[in-house]
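All remarks here apply to the structure that follows.
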Amino acid sequence: MKKYYLTFLNPLMMLIPMVFMAIGTQAQKAYFIDGYHGGVYGHYPVGYTQFVVDELNKNKFWKINLEIEPETWDSVKVREPQALAGFQELFADQSLAGRIEYVSPAYGQSYFYNVSGESIIRHFHYGIKKVKSYFPTAVFTTYSSEEPCFTSALPQILNSFGYKYASLKNPNTCWGGYTRAFGGELVNWVGPDGSRITTVPRYGSEGLEPNSTWQTEGWTNSPKYISDALKSGIKNPVAMTFQDAGWRNGPWIGNGEKGYQPTEYKTWRDYFANHSIGKTDQDWHFSQEDMQVSLVWGSQVLQKIAQQVRVSENKIVMAEKMATLNKIYNNAPWPQEAIDEAWRGLMLSQHHDCWIVPYNGKRGNTWADKVVVWTDTTNRISDRIIASAAGTHVGLNKNADQWINVYNTTGNIKNELVSLNLPAGIDPQTISIVDDKNKEVPLQVSAQDQKVVYFKSAVPAMGYSQYKFDKKKTSKTAGAKASVLASGDIVLETDHYKLVLNKAKGGSIKSLIVKTLANKEFVDAKSERSFNELRGNFFDNGGFHSTTENPVTISIIENGPLVVTAQVKGELLSNPFTQTITLKQGDRKIECALEIDWKTNIGIGSDYKQHEKIDPKDYHKPFYDDSQKLLALFPVNFQSEKIYKDAPFDVTESKLENTFFSRWDSIKHNLMVTWVDLYDAKNDMGLALLSDQTTSYAHGKNFPLGLNVQYSGAGLWGRNHTITGPTKMRYALVPHAGKWDKAAISTEASTWNEPVLATLTNQPAKTQKSLIKASRKGYQYPSISIDGNDLFIRIFNAEGDDQPQKITLDGKASSAALVELNGDVKEELVISNQQGKTVLNVSMPRFGIRTIRLKDFSTH
């Protein structure tokens, strides 16, 4: 629970009246999980540690579970050193009889379902390290959270960090949602890779609390909740509340006299090991759609946070990989301190409070303001590491020969267009670019900026290639082209597509012919909606309006042979908008960049009580209804439609008939982290939509796939989420054959997030380098780093099968092992050193994660 609703909820008044049940001496005992949530960034007042110590000493029957931001203890050490010492003494006993369990050391208390999988791992890695620096005996046995900080891939991550148990309850803070009610006393939470962990679910009997939009019935040990659980066959029912750090209630249900009797306080680990049934045969293959969660998606403040976090997520992993290449090939120092600080900024920006209460805080220091500072720190450090590794810090001799190094931080070979700013003294009209075999590569001079050129690169996996300027006229290359029709419509054409933009209807896409799919037309001409139109309900301006209502100006700003770009300029209710559509020769992505220059704040979305004070108990929330938000719509000429969507280390096949809901008790999972794919099973083809931010999508019967572009109106607690400036976003479309995995959509998204990096140098390379080669496709490498003399490689099976893959590494290692995320050795690997390279075999199920440590790795 949060400060932001204590104004209308007094914790002392929330407890149900004392109810004495007529019970016999053999009454079934119930259990209660109490504890604290919060920390120095959210809520942790000075003097609070001493309060908790005093309450523990006064109430010997009390046990607590902690979800406290790990950095909090840095502040406590300064502000309350004696209280910290007392708390450390109480904490020291980590046996089953101990009174304190640290259930979530996540560094930034992230929701997890909205960030990258690698970020989740780092929250635990850095959080556990920080907690252990103050509580050396800490044992991490159970994962539990006050908010819905869960995601489907957690079982294998928790197992690898040594966790034995988990809870999927968040009974007293469900503003952002809750997990689906399912199962009995215990379930085996099964992740997408088949990993499982013993878990207390939100019971199938655990309903939502009446007259509340933030609680389930499990937030106290009420007689009804316990009775319903017992009737459903739960032998050892448990209730739970994590109090906000700052509340001064002490034991939440008193000494056990409140509510159902008898009830005892427990740590989670004690409950699982000594007081639950211990094990279960009930498996729950927990889907991402069992996360019934929702935030104010489409609001400008949340858009910016999601975009800022995405940029930083991409930059820090690229920086680590570039630093690894620099260490391995140039013996450069490893920048661990800088990397740690960069991850710290990113993890704090992923704090759930940043996303659900971005406006909270003092003016100039709200959560949204903090995200800007934190992500700027991550970006600045990452950029510096990348520049150092790429050699851009070295002065360039303009009078000497110049080469172009192109780096690829993904685990896949890239054939990608490079955009390069030419150095002074080089005339783009009199040069060509050649590869390391002195073969000329296709080149295009930008029509917008004559100092920018595009050229086609081929870069090996996790490595680099080198190109050279050659002073001769570049030969003409056939390829992409753009043209204007008599109607004013624009045609963009590449080897993949022929795309027509409709001038009369707002620059929407009139036709999209996919040449690689037997000239299949993807646009549904029978639909009432236009392909790539923007449409939403402007509730103060007459209802629904669309960009198709007015003609636009369309111009060609790049015209091949490698890149074609059209620019659309128009107005949406007198608000100017600009959209660019870019196609690249040899690239199957249709890239779109959108900017709407809002002249003033304007209401967009459901008009439900937009100008009234909304009771927090009102189940209806206007921001839930995506069907009325401003959407980019994509009506496709498909005969059958099915949705697949990505999540951290997972892809979910949607079972929803549609994504629409308007009530807190009817939340549906309509989120896309990076991509969503619309699949035509009958014709075995699809249309993938990639986004530059975690956001929501829309889809249903007779409702085309839509991307959430803008919401403006009432959010949680009636706070108005306003438009304060231009809306800027990027997205991409990928028509394809086959299902998402056969079409490598996950890989496409990964390469979009990690583009090639180009830098100029006076130093010729002897040969191109590639650190990693895999025998088959399907694997991704979310993290590659150095620890001392050891190389660590994290592999994610995004699209492959469970058959062994041969991994070849460009260097020698003395040994190799699969290691758990907590550092334990899982399995020694057989390796062979062949001509200066290390070869090993790795296998894992789809969506599996494996970390390999290569001892004493070197290329020298």
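Ordered as shown in the structure tokens, chains take letters A, B, and onward, while each chain numbers its residues from 1 and ligands are numbered from 1 in the order shown.
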Quick one: which range 278-339 of chain A residues come within 10 Å of range 625-646 of chain A, and what is the nearest atom pair for each with the distance in Å to one decimal, counting only C-alpha atoms, rows ordered by chain and ascending number, as CSV?
residue,atom,partner,partner_atom,distance
A:Gln288,CA,A:Asp646,CA,9.0
A:Trp297,CA,A:Asp626,CA,8.5
A:Gly298,CA,A:Lys629,CA,7.7
A:Ser299,CA,A:Lys629,CA,9.7
Could you pull out all residues of range 208-432 of chain A with a DSSP call of strand (DSSP E) and give them as a VMD selection string? chain A and resid 238 to 240 243 to 244 263 to 265 283 to 285 291 to 293 361 to 362 365 to 366 403 to 408 414 to 421 432
Non-local contacts of Gly361 in chain A (12 Å; only C-alpha atoms; under 3 positions in same chain excluded) as a count of residues only: 16
Find the spatial neighbours of Ile723 in chain A, counting only C-alpha atoms, within a cut-off of 8 Å - ignore same-chain residues fewer than 5 positions away - and output them as JSON, numbers by chain. {"A": [299, 300, 598, 600, 601, 602, 712]}
Give the answer as one residue: which of A:Ala97, A:Val452, A:Ala83, A:Ile554 has the shortest atom-to-atom distance to Ile426 in chain A, using only C-alpha atoms?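 Between A:Ala97, A:Val452, A:Ala83, A:Ile554, the residue approaching Ile426 in chain A most closely is A:Val452.
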Just to confirm, what's the straight-line distance from CA of Asp376 in chain A to CA of Glu313 in chain A in Å (one decimal)?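 Those two atoms sit 11.8 Å apart.
If you measure from each of A:Ala138, A:Val40, A:Val500, A:Leu422 to Gly108 in chain A using only C-alpha atoms, the closest one turns out to be A:Val40.
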Separation of CA of Phe792 in chain A from CA of Ser832 in chain A in Å: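 If I compute the distance from CA of Ser832 in chain A to CA of Phe792 in chain A, I get 17.6 Å.
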